[in-house]
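Structure data follow from coords26.cif (mmCIF, C-alpha atoms and all ligand atoms):
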```cif
data_start
loop_
_atom_site.label_atom_id
_atom_site.label_comp_id
_atom_site.auth_asym_id
_atom_site.auth_seq_id
_atom_site.Cartn_x
_atom_site.Cartn_y
_atom_site.Cartn_z
CA MET B 1 0.00 0.00 0.00
CA ILE B 2 1.11 3.53 -0.66
CA TYR B 3 1.12 6.11 2.08
CA LYS B 4 2.74 8.95 0.17
CA ARG B 5 0.15 11.60 0.90
CA SER B 6 -0.20 10.54 4.55
CA SER B 7 3.59 10.84 4.95
CA ALA B 8 3.60 14.29 3.35
CA LEU B 9 0.70 15.46 5.54
CA PHE B 10 2.49 14.13 8.61
CA ALA B 11 5.65 16.08 7.72
CA GLU B 12 3.54 19.26 7.49
CA ALA B 13 1.74 18.45 10.75
CA GLU B 14 5.01 17.93 12.62
CA LYS B 15 5.98 21.55 11.94
CA VAL B 16 2.99 22.96 13.81
CA ILE B 17 1.72 20.20 16.11
CA PRO B 18 4.00 18.47 18.66
CA GLY B 19 4.87 15.10 17.17
CA GLY B 20 2.38 15.82 14.39
CA VAL B 21 -0.52 14.46 16.45
CA ASN B 22 -3.03 15.78 18.96
CA SER B 23 -2.90 12.63 21.08
CA PRO B 24 0.26 10.52 21.43
CA VAL B 25 -1.32 7.10 20.80
CA ARG B 26 -2.00 8.17 17.22
CA ALA B 27 1.69 8.43 16.43
CA PHE B 28 3.43 5.31 15.16
CA LYS B 29 6.26 5.81 17.62
CA GLY B 30 5.97 2.34 19.09
CA VAL B 31 5.87 0.57 15.72
CA GLY B 32 7.82 2.91 13.43
CA GLY B 33 6.63 4.63 10.25
CA THR B 34 4.24 7.54 9.92
CA PRO B 35 0.59 7.70 10.94
CA ILE B 36 -2.18 7.24 8.39
CA PHE B 37 -4.22 10.37 7.69
CA VAL B 38 -7.92 9.60 7.41
CA LYS B 39 -10.07 11.28 4.82
CA GLU B 40 -13.38 9.66 5.66
CA ALA B 41 -14.94 6.55 7.09
CA LYS B 42 -18.11 4.56 6.64
CA GLY B 43 -19.29 1.47 8.51
CA ALA B 44 -16.30 -0.76 9.27
CA TYR B 45 -13.95 0.99 6.84
CA LEU B 46 -11.54 3.89 6.90
CA PHE B 47 -10.54 5.63 3.67
CA ASP B 48 -7.20 7.37 3.89
CA GLU B 49 -5.71 10.34 2.04
CA ASP B 50 -3.91 8.02 -0.40
CA GLY B 51 -7.15 6.29 -1.41
CA ASN B 52 -6.50 3.09 0.57
CA ARG B 53 -9.40 1.29 2.23
CA LEU B 54 -8.66 -0.12 5.67
CA ILE B 55 -10.78 -2.39 7.85
CA ASP B 56 -10.89 -0.54 11.15
CA TYR B 57 -10.28 -2.41 14.42
CA ILE B 58 -9.79 0.74 16.48
CA ASN B 59 -13.06 2.49 15.74
CA SER B 60 -12.01 5.81 17.21
CA TRP B 61 -10.71 3.80 20.22
CA GLY B 62 -14.14 2.39 20.93
CA PRO B 63 -17.04 4.74 20.25
CA MET B 64 -17.98 3.50 16.77
CA ILE B 65 -19.74 0.47 18.14
CA LEU B 66 -22.27 0.70 15.29
CA GLY B 67 -19.79 1.72 12.61
CA HIS B 68 -18.54 5.01 11.24
CA ALA B 69 -20.98 7.66 10.03
CA PHE B 70 -23.87 5.72 11.55
CA LYS B 71 -26.91 7.37 9.99
CA PRO B 72 -29.08 8.05 13.09
CA VAL B 73 -26.09 9.72 14.78
CA VAL B 74 -25.17 11.80 11.73
CA ASP B 75 -28.79 12.87 11.18
CA ALA B 76 -29.20 13.85 14.84
CA VAL B 77 -26.03 15.98 14.77
CA VAL B 78 -26.89 17.70 11.49
CA GLU B 79 -30.39 18.52 12.66
CA LYS B 80 -29.13 19.97 15.94
CA ALA B 81 -26.30 21.94 14.34
CA GLN B 82 -28.79 23.91 12.32
CA LYS B 83 -30.38 25.15 15.52
CA GLY B 84 -27.21 26.43 17.16
CA THR B 85 -24.06 24.67 18.28
CA SER B 86 -23.69 25.80 21.89
CA PHE B 87 -25.60 27.86 24.42
CA GLY B 88 -24.00 27.24 27.80
CA MET B 89 -27.58 27.03 29.07
CA PRO B 90 -29.74 24.05 29.99
CA THR B 91 -31.38 22.12 27.14
CA GLU B 92 -34.06 19.41 27.27
CA ILE B 93 -31.89 16.89 25.44
CA GLU B 94 -29.45 16.78 28.40
CA THR B 95 -32.24 15.43 30.62
CA LYS B 96 -33.33 12.98 27.92
CA ILE B 97 -29.90 11.38 27.58
CA ALA B 98 -29.42 11.43 31.36
CA GLU B 99 -32.75 9.62 31.85
CA LEU B 100 -31.83 7.05 29.25
CA ALA B 101 -28.33 6.43 30.65
CA VAL B 102 -29.69 6.12 34.20
CA SER B 103 -32.28 3.59 32.97
CA MET B 104 -29.65 1.51 31.15
CA VAL B 105 -26.91 1.38 33.78
CA PRO B 106 -27.39 -0.34 37.16
CA ASN B 107 -26.84 1.43 40.50
CA ILE B 108 -26.87 5.04 39.27
CA ASP B 109 -29.47 7.73 39.97
CA LYS B 110 -27.80 10.81 38.54
CA ILE B 111 -25.21 11.50 35.88
CA ARG B 112 -23.16 14.55 34.95
CA PHE B 113 -21.84 15.05 31.43
CA VAL B 114 -18.34 16.31 30.72
CA ASN B 115 -16.22 16.50 27.57
CA SER B 116 -13.79 13.58 27.82
CA GLY B 117 -12.97 10.40 29.70
CA THR B 118 -10.15 12.27 31.44
CA GLU B 119 -12.57 14.82 32.85
CA ALA B 120 -14.96 12.08 33.93
CA CYS B 121 -12.31 10.19 35.92
CA MET B 122 -10.66 13.30 37.31
CA SER B 123 -14.03 14.63 38.53
CA ALA B 124 -15.06 11.23 39.93
CA VAL B 125 -11.92 11.12 42.06
CA ARG B 126 -12.45 14.68 43.33
CA LEU B 127 -16.03 13.77 44.21
CA ALA B 128 -14.86 10.63 46.03
CA ARG B 129 -12.32 12.67 48.00
CA GLY B 130 -14.89 15.33 48.85
CA PHE B 131 -17.50 12.76 49.82
CA THR B 132 -15.25 10.64 52.04
CA GLY B 133 -13.05 13.45 53.35
CA LYS B 134 -9.94 11.40 52.53
CA ASP B 135 -7.07 12.18 50.14
CA LYS B 136 -5.40 9.04 48.85
CA ILE B 137 -6.50 6.92 45.92
CA ILE B 138 -5.56 3.45 44.72
CA LYS B 139 -5.04 2.89 41.01
CA PHE B 140 -3.69 -0.16 39.24
CA ALA B 141 -0.46 -0.35 37.27
CA GLY B 142 -1.26 -0.49 33.55
CA CYS B 143 -4.70 1.09 33.91
CA TYR B 144 -5.25 4.39 32.14
CA HIS B 145 -7.80 6.87 33.39
CA GLY B 146 -6.89 9.85 31.23
CA HIS B 147 -4.06 12.34 31.52
CA SER B 148 -5.03 14.11 34.72
CA ASP B 149 -2.03 14.40 37.09
CA SER B 150 -3.14 11.84 39.69
CA PHE B 151 -3.44 9.12 37.06
CA LEU B 152 -0.09 9.48 35.31
CA ILE B 153 1.57 7.06 37.67
CA GLN B 154 2.37 3.75 35.95
CA ALA B 155 -0.37 4.52 33.44
CA GLY B 156 -1.12 2.24 30.50
CA SER B 157 -1.94 3.07 26.88
CA GLY B 158 0.29 5.73 25.26
CA ALA B 159 2.11 6.32 28.54
CA SER B 160 3.39 2.72 28.40
CA THR B 161 3.98 2.68 24.67
CA PHE B 162 6.35 5.61 24.97
CA GLY B 163 8.04 4.35 28.10
CA THR B 164 7.00 7.33 30.23
CA PRO B 165 4.46 5.85 32.61
CA ASN B 166 5.36 8.55 35.14
CA SER B 167 5.20 11.95 33.52
CA PRO B 168 7.38 14.96 34.35
CA GLY B 169 5.11 17.80 35.39
CA VAL B 170 3.24 15.68 37.92
CA THR B 171 4.37 17.02 41.27
CA LYS B 172 5.64 14.81 44.07
CA GLY B 173 2.82 16.17 46.18
CA THR B 174 0.23 14.84 43.76
CA ALA B 175 2.04 11.55 43.12
CA LYS B 176 2.23 10.72 46.82
CA ASP B 177 -1.55 10.52 47.05
CA THR B 178 -1.77 7.90 44.28
CA LEU B 179 -1.07 4.43 45.63
CA LEU B 180 -0.24 1.83 43.04
CA ALA B 181 -1.59 -1.72 43.15
CA ASN B 182 -1.17 -4.77 40.92
CA TYR B 183 -4.15 -5.65 38.76
CA ASN B 184 -5.82 -8.90 39.79
CA ASP B 185 -3.94 -8.99 43.11
CA ILE B 186 -6.43 -8.55 45.95
CA GLU B 187 -3.85 -9.34 48.64
CA ASN B 188 -1.73 -6.45 47.37
CA VAL B 189 -4.75 -4.12 47.59
CA LYS B 190 -5.50 -5.28 51.14
CA ALA B 191 -1.90 -4.66 52.19
CA ILE B 192 -1.97 -1.13 50.76
CA ILE B 193 -5.22 -0.38 52.58
CA GLU B 194 -3.77 -1.76 55.80
CA ALA B 195 -0.70 0.46 55.47
CA ASN B 196 -2.85 3.55 54.81
CA LYS B 197 -5.66 3.03 57.30
CA ASN B 198 -8.50 5.57 57.00
CA GLU B 199 -6.65 7.57 54.35
CA ILE B 200 -8.00 6.10 51.11
CA ALA B 201 -10.93 7.82 49.44
CA CYS B 202 -11.38 5.51 46.47
CA ILE B 203 -10.12 2.66 44.35
CA ILE B 204 -10.36 3.42 40.63
CA ILE B 205 -10.18 0.53 38.19
CA GLU B 206 -10.90 -0.43 34.60
CA PRO B 207 -13.18 -3.41 35.39
CA VAL B 208 -11.78 -4.99 32.24
CA ALA B 209 -8.42 -3.39 31.59
CA GLY B 210 -8.05 -2.20 28.02
CA ASN B 211 -4.95 -0.07 28.21
CA MET B 212 -2.32 -2.79 28.66
CA GLY B 213 -3.91 -4.78 25.89
CA CYS B 214 -7.08 -6.45 27.08
CA VAL B 215 -6.71 -7.90 30.58
CA PRO B 216 -9.80 -9.47 32.17
CA PRO B 217 -10.40 -9.38 35.91
CA LYS B 218 -9.84 -12.78 37.54
CA GLU B 219 -12.90 -14.40 39.00
CA SER B 220 -13.75 -12.83 42.36
CA PHE B 221 -11.20 -9.99 42.00
CA LEU B 222 -13.85 -7.31 41.48
CA GLN B 223 -15.99 -8.84 44.23
CA GLY B 224 -12.91 -8.75 46.47
CA LEU B 225 -12.50 -5.04 45.76
CA ARG B 226 -16.17 -4.43 46.52
CA SER B 227 -15.78 -6.15 49.89
CA VAL B 228 -12.60 -4.32 50.95
CA CYS B 229 -14.17 -1.02 49.92
CA ASP B 230 -17.26 -1.75 52.04
CA GLN B 231 -15.14 -2.75 55.00
CA ASN B 232 -12.99 0.39 54.85
CA ASN B 233 -15.40 3.15 53.82
CA ILE B 234 -13.69 3.45 50.43
CA LEU B 235 -15.61 4.27 47.24
CA LEU B 236 -15.19 1.89 44.32
CA ILE B 237 -14.94 3.73 41.00
CA PHE B 238 -15.42 1.73 37.82
CA ASP B 239 -13.80 3.49 34.89
CA GLU B 240 -16.15 2.22 32.20
CA VAL B 241 -14.85 4.59 29.53
CA MET B 242 -14.09 1.53 27.38
CA THR B 243 -16.48 -1.05 28.80
CA GLY B 244 -19.57 1.17 29.24
CA PHE B 245 -22.34 0.55 26.70
CA ARG B 246 -20.03 -2.00 25.05
CA LEU B 247 -19.74 -5.12 27.22
CA ALA B 248 -23.47 -4.92 27.99
CA LYS B 249 -26.21 -2.30 28.03
CA GLY B 250 -25.25 -1.64 31.66
CA GLY B 251 -21.51 -2.14 31.12
CA ALA B 252 -19.19 -4.18 33.35
CA GLN B 253 -21.40 -3.68 36.41
CA GLU B 254 -24.12 -5.61 34.60
CA LEU B 255 -21.77 -8.17 33.06
CA PHE B 256 -20.11 -9.12 36.35
CA GLY B 257 -22.98 -8.28 38.71
CA ILE B 258 -20.79 -5.99 40.81
CA LYS B 259 -21.94 -2.62 42.10
CA ALA B 260 -19.61 0.35 41.76
CA ASP B 261 -20.10 3.53 43.78
CA ILE B 262 -19.16 5.88 40.94
CA VAL B 263 -19.05 4.97 37.26
CA CYS B 264 -17.15 6.88 34.57
CA PHE B 265 -18.06 6.89 30.91
CA GLY B 266 -16.63 8.11 27.62
CA LYS B 267 -16.43 6.91 24.04
CA VAL B 268 -19.76 5.17 23.17
CA ILE B 269 -21.81 7.57 25.32
CA GLY B 270 -20.97 10.43 22.95
CA GLY B 271 -21.53 8.57 19.69
CA GLY B 272 -18.09 9.75 18.58
CA LEU B 273 -18.38 13.34 19.76
CA PRO B 274 -16.24 14.51 22.71
CA VAL B 275 -18.33 13.36 25.65
CA GLY B 276 -17.59 11.82 29.02
CA ALA B 277 -19.80 11.38 32.06
CA PHE B 278 -19.72 10.21 35.64
CA ALA B 279 -22.62 8.85 37.60
CA ALA B 280 -23.57 7.55 41.04
CA SER B 281 -26.36 7.47 43.62
CA HIS B 282 -28.31 10.62 44.54
CA GLU B 283 -26.41 10.79 47.79
CA ILE B 284 -22.99 10.91 46.15
CA MET B 285 -23.94 13.00 43.10
CA ASP B 286 -25.67 15.65 45.23
CA TYR B 287 -22.28 16.34 46.75
CA LEU B 288 -21.49 18.18 43.50
CA ALA B 289 -21.90 21.91 42.85
CA PRO B 290 -24.28 23.68 42.64
CA VAL B 291 -26.09 21.63 45.33
CA GLY B 292 -23.03 20.27 47.08
CA PRO B 293 -19.56 21.52 48.00
CA VAL B 294 -17.43 19.67 45.40
CA TYR B 295 -16.80 21.95 42.44
CA GLN B 296 -16.96 20.66 38.88
CA ALA B 297 -17.92 22.56 35.74
CA GLY B 298 -17.65 22.90 31.94
CA THR B 299 -18.63 25.66 29.50
CA LEU B 300 -19.33 23.17 26.73
CA SER B 301 -20.51 20.31 28.96
CA GLY B 302 -23.83 18.93 27.73
CA ASN B 303 -23.18 20.49 24.33
CA PRO B 304 -26.27 20.01 22.14
CA LEU B 305 -24.42 18.33 19.23
CA ALA B 306 -22.64 15.96 21.57
CA MET B 307 -25.85 15.15 23.44
CA ALA B 308 -27.70 14.55 20.16
CA ALA B 309 -25.02 12.12 18.99
CA GLY B 310 -24.93 10.34 22.33
CA LEU B 311 -28.70 10.11 22.60
CA ALA B 312 -29.00 8.65 19.10
CA MET B 313 -26.33 6.06 19.92
CA LEU B 314 -27.72 5.03 23.30
CA THR B 315 -31.27 4.90 21.91
CA GLU B 316 -30.14 2.46 19.23
CA LEU B 317 -28.34 0.26 21.77
CA ASN B 318 -31.25 0.38 24.22
CA ASN B 319 -33.81 -0.56 21.56
CA ASN B 320 -31.71 -3.30 20.07
CA VAL B 321 -29.82 -5.09 22.82
CA SER B 322 -29.13 -8.05 20.50
CA ILE B 323 -26.27 -5.84 19.21
CA PHE B 324 -24.23 -6.83 22.28
CA ASP B 325 -24.61 -10.54 21.50
CA SER B 326 -23.88 -9.87 17.88
CA ILE B 327 -20.57 -8.01 18.47
CA ASN B 328 -19.56 -10.67 20.99
CA GLU B 329 -20.25 -13.39 18.44
CA LYS B 330 -18.21 -11.57 15.80
CA THR B 331 -15.34 -11.12 18.21
CA GLU B 332 -15.46 -14.77 19.23
CA TYR B 333 -15.32 -15.76 15.56
CA LEU B 334 -12.29 -13.54 15.09
CA HIS B 335 -10.72 -14.92 18.27
CA LYS B 336 -11.09 -18.52 17.06
CA GLY B 337 -9.83 -17.63 13.58
CA ILE B 338 -6.74 -15.80 14.84
CA THR B 339 -5.94 -18.58 17.32
CA LYS B 340 -6.08 -21.15 14.53
CA VAL B 341 -3.87 -19.31 12.04
CA LEU B 342 -1.30 -18.27 14.68
CA ASN B 343 -1.16 -21.87 15.95
CA ASP B 344 -0.92 -23.22 12.39
CA ASN B 345 2.07 -20.94 11.87
CA LYS B 346 3.58 -21.74 15.27
CA VAL B 347 3.51 -18.13 16.41
CA VAL B 348 3.82 -17.94 20.21
CA HIS B 349 0.92 -15.88 21.50
CA THR B 350 -1.83 -15.36 24.07
CA ILE B 351 -5.17 -13.84 23.17
CA ASN B 352 -7.25 -12.11 25.83
CA ARG B 353 -10.87 -11.30 25.16
CA VAL B 354 -13.90 -10.07 27.03
CA GLY B 355 -16.97 -9.59 24.83
CA SER B 356 -16.02 -7.29 21.97
CA MET B 357 -12.64 -6.26 23.43
CA ILE B 358 -9.72 -8.40 22.31
CA SER B 359 -5.94 -8.22 22.07
CA VAL B 360 -3.10 -10.43 20.90
CA HIS B 361 0.02 -10.66 23.08
CA PHE B 362 3.11 -12.23 21.56
CA ASP B 363 4.14 -14.29 24.57
CA LYS B 364 2.93 -17.65 25.71
CA GLY B 365 2.21 -16.99 29.39
CA GLU B 366 -1.07 -15.88 30.87
CA VAL B 367 -1.50 -12.09 30.73
CA TYR B 368 -3.19 -10.90 33.92
CA ASP B 369 -1.41 -7.67 34.95
CA PHE B 370 0.94 -4.92 33.78
CA ASN B 371 4.02 -7.02 34.29
CA THR B 372 2.79 -9.99 32.25
CA ALA B 373 1.36 -7.61 29.63
CA GLY B 374 4.84 -6.14 29.17
CA LYS B 375 6.37 -9.51 28.34
CA GLY B 376 5.01 -9.61 24.79
CA ASN B 377 7.57 -9.56 22.01
CA ASN B 378 7.48 -6.03 20.62
CA ASP B 379 9.49 -6.87 17.48
CA THR B 380 6.91 -9.48 16.56
CA PHE B 381 4.15 -6.97 17.28
CA LYS B 382 5.76 -4.37 14.99
CA LYS B 383 5.96 -6.86 12.12
CA PHE B 384 2.43 -7.99 12.80
CA PHE B 385 1.13 -4.42 12.81
CA HIS B 386 2.87 -3.39 9.58
CA GLY B 387 2.04 -6.70 7.89
CA LEU B 388 -1.64 -6.16 8.63
CA LEU B 389 -1.54 -2.54 7.55
CA ASN B 390 -0.11 -3.69 4.25
CA GLU B 391 -3.08 -6.05 3.89
CA GLY B 392 -5.52 -3.17 4.53
CA ILE B 393 -6.20 -3.88 8.19
CA TYR B 394 -5.81 -1.20 10.83
CA ILE B 395 -5.17 -2.23 14.44
CA ALA B 396 -3.84 0.04 17.18
CA PRO B 397 -0.16 0.92 16.68
CA SER B 398 0.79 -0.46 20.11
CA ALA B 399 0.70 -3.82 21.85
CA PHE B 400 -0.69 -2.01 24.91
CA GLU B 401 -4.01 -1.35 23.23
CA THR B 402 -7.22 -3.30 22.73
CA TRP B 403 -9.03 -3.91 19.47
CA PHE B 404 -12.62 -2.69 19.46
CA ILE B 405 -15.05 -4.67 17.35
CA THR B 406 -17.87 -2.88 15.61
CA GLU B 407 -21.26 -4.24 14.61
CA ALA B 408 -20.57 -2.88 11.11
CA LEU B 409 -18.02 -5.67 10.48
CA THR B 410 -19.36 -8.49 8.33
CA PHE B 411 -18.25 -12.11 8.58
CA GLU B 412 -16.60 -11.54 5.18
CA ASP B 413 -14.53 -8.76 6.73
CA LEU B 414 -13.60 -11.10 9.56
CA ASP B 415 -12.61 -13.89 7.14
CA PHE B 416 -10.58 -11.39 5.13
CA THR B 417 -8.84 -10.36 8.36
CA ILE B 418 -8.13 -13.93 9.45
CA ASN B 419 -6.70 -14.76 6.00
CA ALA B 420 -4.53 -11.65 6.15
CA ILE B 421 -3.26 -12.67 9.61
CA ASN B 422 -2.45 -16.10 8.20
CA LYS B 423 -0.35 -14.47 5.48
CA VAL B 424 1.37 -12.14 7.92
CA ALA B 425 1.99 -14.94 10.43
CA LYS B 426 3.96 -16.91 7.83
CA ALA B 427 6.46 -14.08 7.72
CA LEU B 428 6.76 -13.53 11.48
N1 LIG A 1 -10.34 5.86 30.90
C1 LIG A 1 -10.12 4.86 30.06
C2 LIG A 1 -10.37 3.44 30.50
C3 LIG A 1 -9.66 5.11 28.77
O1 LIG A 1 -9.42 4.10 27.95
C4 LIG A 1 -9.45 6.46 28.38
C5 LIG A 1 -8.97 6.83 26.99
N2 LIG A 1 -8.68 5.86 26.15
C6 LIG A 1 -9.70 7.47 29.30
C7 LIG A 1 -10.13 7.14 30.56
C8 LIG A 1 -9.49 8.90 28.95
O2 LIG A 1 -10.43 9.32 28.03
P1 LIG A 1 -10.15 10.59 27.08
O3 LIG A 1 -9.06 10.21 26.18
O4 LIG A 1 -11.47 10.80 26.41
O5 LIG A 1 -9.79 11.72 27.96
#
```
Would you mind giving the structure from this file in structure tokens?
Amino acid sequence: MIYKRSSALFAEAEKVIPGGVNSPVRAFKGVGGTPIFVKEAKGAYLFDEDGNRLIDYINSWGPMILGHAFKPVVDAVVEKAQKGTSFGMPTEIETKIAELAVSMVPNIDKIRFVNSGTEACMSAVRLARGFTGKDKIIKFAGCYHGHSDSFLIQAGSGASTFGTPNSPGVTKGTAKDTLLANYNDIENVKAIIEANKNEIACIIIEPVAGNMGCVPPKESFLQGLRSVCDQNNILLIFDEVMTGFRLAKGGAQELFGIKADIVCFGKVIGGGLPVGAFAASHEIMDYLAPVGPVYQAGTLSGNPLAMAAGLAMLTELNNNVSIFDSINEKTEYLHKGITKVLNDNKVVHTINRVGSMISVHFDKGEVYDFNTAGKGNNDTFKKFFHGLLNEGIYIAPSAFETWFITEALTFEDLDFTINAINKVAKAL
């Protein structure tokens, strides 16, 4: 495939945008080469500036659960845009999407909309601190909760890809309040709580980790967290930015039957527009300004275009819950197909999958935390990535990312992908 125009556009971008990208994970730093510039997208396909068609397994990092340019979302945005793009005043549609989200997700009474997953997680932690009157938080190595200071301690995703899991610019004062635990290690969490008695406001976790590749929670791990939180007056925050409205209508809480105290959303909830949200019981949410003392705000929060896109997306998912089974089935088909061709070609690997989140690690051991996720062979991953790109298949340019399956993929697309992986695997 030819990427001449993408390369030229990247060279121009680098002159005026740091690294040529507005978010580091888009750069091909971990795999080499230059990023692909997208011209447009429809359904399961991306069309780049050189005229290549790519099957998309990133889907804007998750939101395009029903495919790119999904008509009800596009129509809703166009219709709203003609009536004004922002007011900074209340609109009826904010209540409509809030009502729908609250009806779909277990254990939440109220929700506040923000503009990104980062804002959602950052605000959720502030709320937890305000509500409990405690300062420290527990996060897990390899989990990513956005780029707010408290979270850039052993963060996953781009922070891991670029080898800077602890960012300069985060003060020691901030870092000392973030306690780091090992994913899937309840004894480690208990020990940290014991060593910081009555100081921990919340535990924040990706209930299925998606930012060190896909790492599922071990059986009873989430239940273990719930119990230690209850015993120690700690709030449990589920960062469902990836899992929300994807693993089930009610996200990971519904899938695993575990109650979180605060839930964070992003991606699907905005239908591809910049939206995040956090939600909890009345009691916790009413701790927020203007009714409560914890301040949180946003000029563009609840923006009418973003709310229209999100409402159209959630309405579709709520009215047609078979979509969740369908994307799971497609992902399982892909899982089986990849396993077969990698085994046929004797490529050492481990595949992790939960529902429609899947990732391939090039190592044979079980991948259950940040340490085991880091053992994958990055040279193999680089070849795999570029081999697939050459076959017209776009996966995330880092082994620390998850593939997001969209309902727009057909079984023909999946077969095409599996065949392409077979070809690529022969050369690994
Ligand atoms: N939480 C999780 C689990 C995420 O995966 C991400 C982003 N990928 C975020 C938070 C941050 O979201 P945003 O990039 O919209 O700020």
Problem - Selection as a VMD selection string: residues within 10 Å of ligand LIG 1 (chain A) by all atoms listed in the file - result: chain B and resid 23 25 60 to 62 114 to 122 143 to 148 151 156 to 158 205 to 212 238 to 244 264 to 267 273 to 276 401 to 402
Which polymer residues have any atom within 12 Å of an atom of Phe400 (chain B), counting all atoms listed in the file, with same-chain residues fewer than 5 positions away left out, as a compact mmCIF listing (two decimals) with C-alpha atoms, in the frame of the given file?
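New file selection39.txt:
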```
# COMPACT_ATOMS: atom_id res chain seq x y z
CA VAL B 25 -1.32 7.10 20.80
CA GLY B 30 5.97 2.34 19.09
CA VAL B 31 5.87 0.57 15.72
CA GLY B 142 -1.26 -0.49 33.55
CA CYS B 143 -4.70 1.09 33.91
CA TYR B 144 -5.25 4.39 32.14
CA ALA B 155 -0.37 4.52 33.44
CA GLY B 156 -1.12 2.24 30.50
CA SER B 157 -1.94 3.07 26.88
CA GLY B 158 0.29 5.73 25.26
CA ALA B 159 2.11 6.32 28.54
CA SER B 160 3.39 2.72 28.40
CA THR B 161 3.98 2.68 24.67
CA PHE B 162 6.35 5.61 24.97
CA GLY B 163 8.04 4.35 28.10
CA ALA B 209 -8.42 -3.39 31.59
CA GLY B 210 -8.05 -2.20 28.02
CA ASN B 211 -4.95 -0.07 28.21
CA MET B 212 -2.32 -2.79 28.66
CA GLY B 213 -3.91 -4.78 25.89
CA CYS B 214 -7.08 -6.45 27.08
CA VAL B 215 -6.71 -7.90 30.58
CA ILE B 358 -9.72 -8.40 22.31
CA SER B 359 -5.94 -8.22 22.07
CA VAL B 360 -3.10 -10.43 20.90
CA HIS B 361 0.02 -10.66 23.08
CA PHE B 362 3.11 -12.23 21.56
CA VAL B 367 -1.50 -12.09 30.73
CA ASP B 369 -1.41 -7.67 34.95
CA PHE B 370 0.94 -4.92 33.78
CA ASN B 371 4.02 -7.02 34.29
CA THR B 372 2.79 -9.99 32.25
CA ALA B 373 1.36 -7.61 29.63
CA GLY B 374 4.84 -6.14 29.17
CA LYS B 375 6.37 -9.51 28.34
CA GLY B 376 5.01 -9.61 24.79
CA ASN B 377 7.57 -9.56 22.01
CA ASN B 378 7.48 -6.03 20.62
CA PHE B 381 4.15 -6.97 17.28
CA ILE B 395 -5.17 -2.23 14.44
```
Kindly provide the residues of region 277-312 of chain B that approach region 91-98 of chain B to within 7 Å, each paired with its closest atom pair and their distance in Å to one decimal, based on all atoms listed in the file, listed by chain and increasing number, as JSON lines.
```
{"residue": "B:Gly302", "atom": "CA", "partner": "B:Glu94", "partner_atom": "CA", "distance": 6.1}
{"residue": "B:Met307", "atom": "CA", "partner": "B:Glu94", "partner_atom": "CA", "distance": 6.3}
{"residue": "B:Leu311", "atom": "CA", "partner": "B:Ile97", "partner_atom": "CA", "distance": 5.3}
```
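What separates CA of Ile237 (chain B) from CA of Asp261 (chain B) is a distance of 5.9 Å.
Closest approach to Ile269 (chain B) from the set B:Pro290, B:Gly298, B:Gly251, B:Pro63 is made by B:Pro63, with distances taken over all atoms listed in the file.
Distances to Glu49 (chain B) were evaluated for B:Ala312, B:Val170, B:Ala11, B:Ile2 using only C-alpha atoms, and the minimum falls at B:Ile2.
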Problem - CA of Val102 (chain B) to CA of Thr331 (chain B), distance in Å rounded to a single decimal - result: 27.5 Å
Practice task
Identify, on the basis of only C-alpha atoms, every residue whose closest approach to Arg53 (chain B) does not exceed 12 Å; exclude the query and any residue fewer than 3 positions from it along the same chain; express the result as a list in words.
Solution key: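 Final neighbour list, sorted by chain and number: Met1, Ile2, Tyr3, Ile36, Phe37, Val38, Lys39, Glu40, Ala41, Lys42, Gly43, Ala44, Tyr45, Leu46, Phe47, Asp48, Glu49, Asp50, Asp56, Leu389, Asn390, Glu391, Gly392, Ile393 and Tyr394 of chain B.
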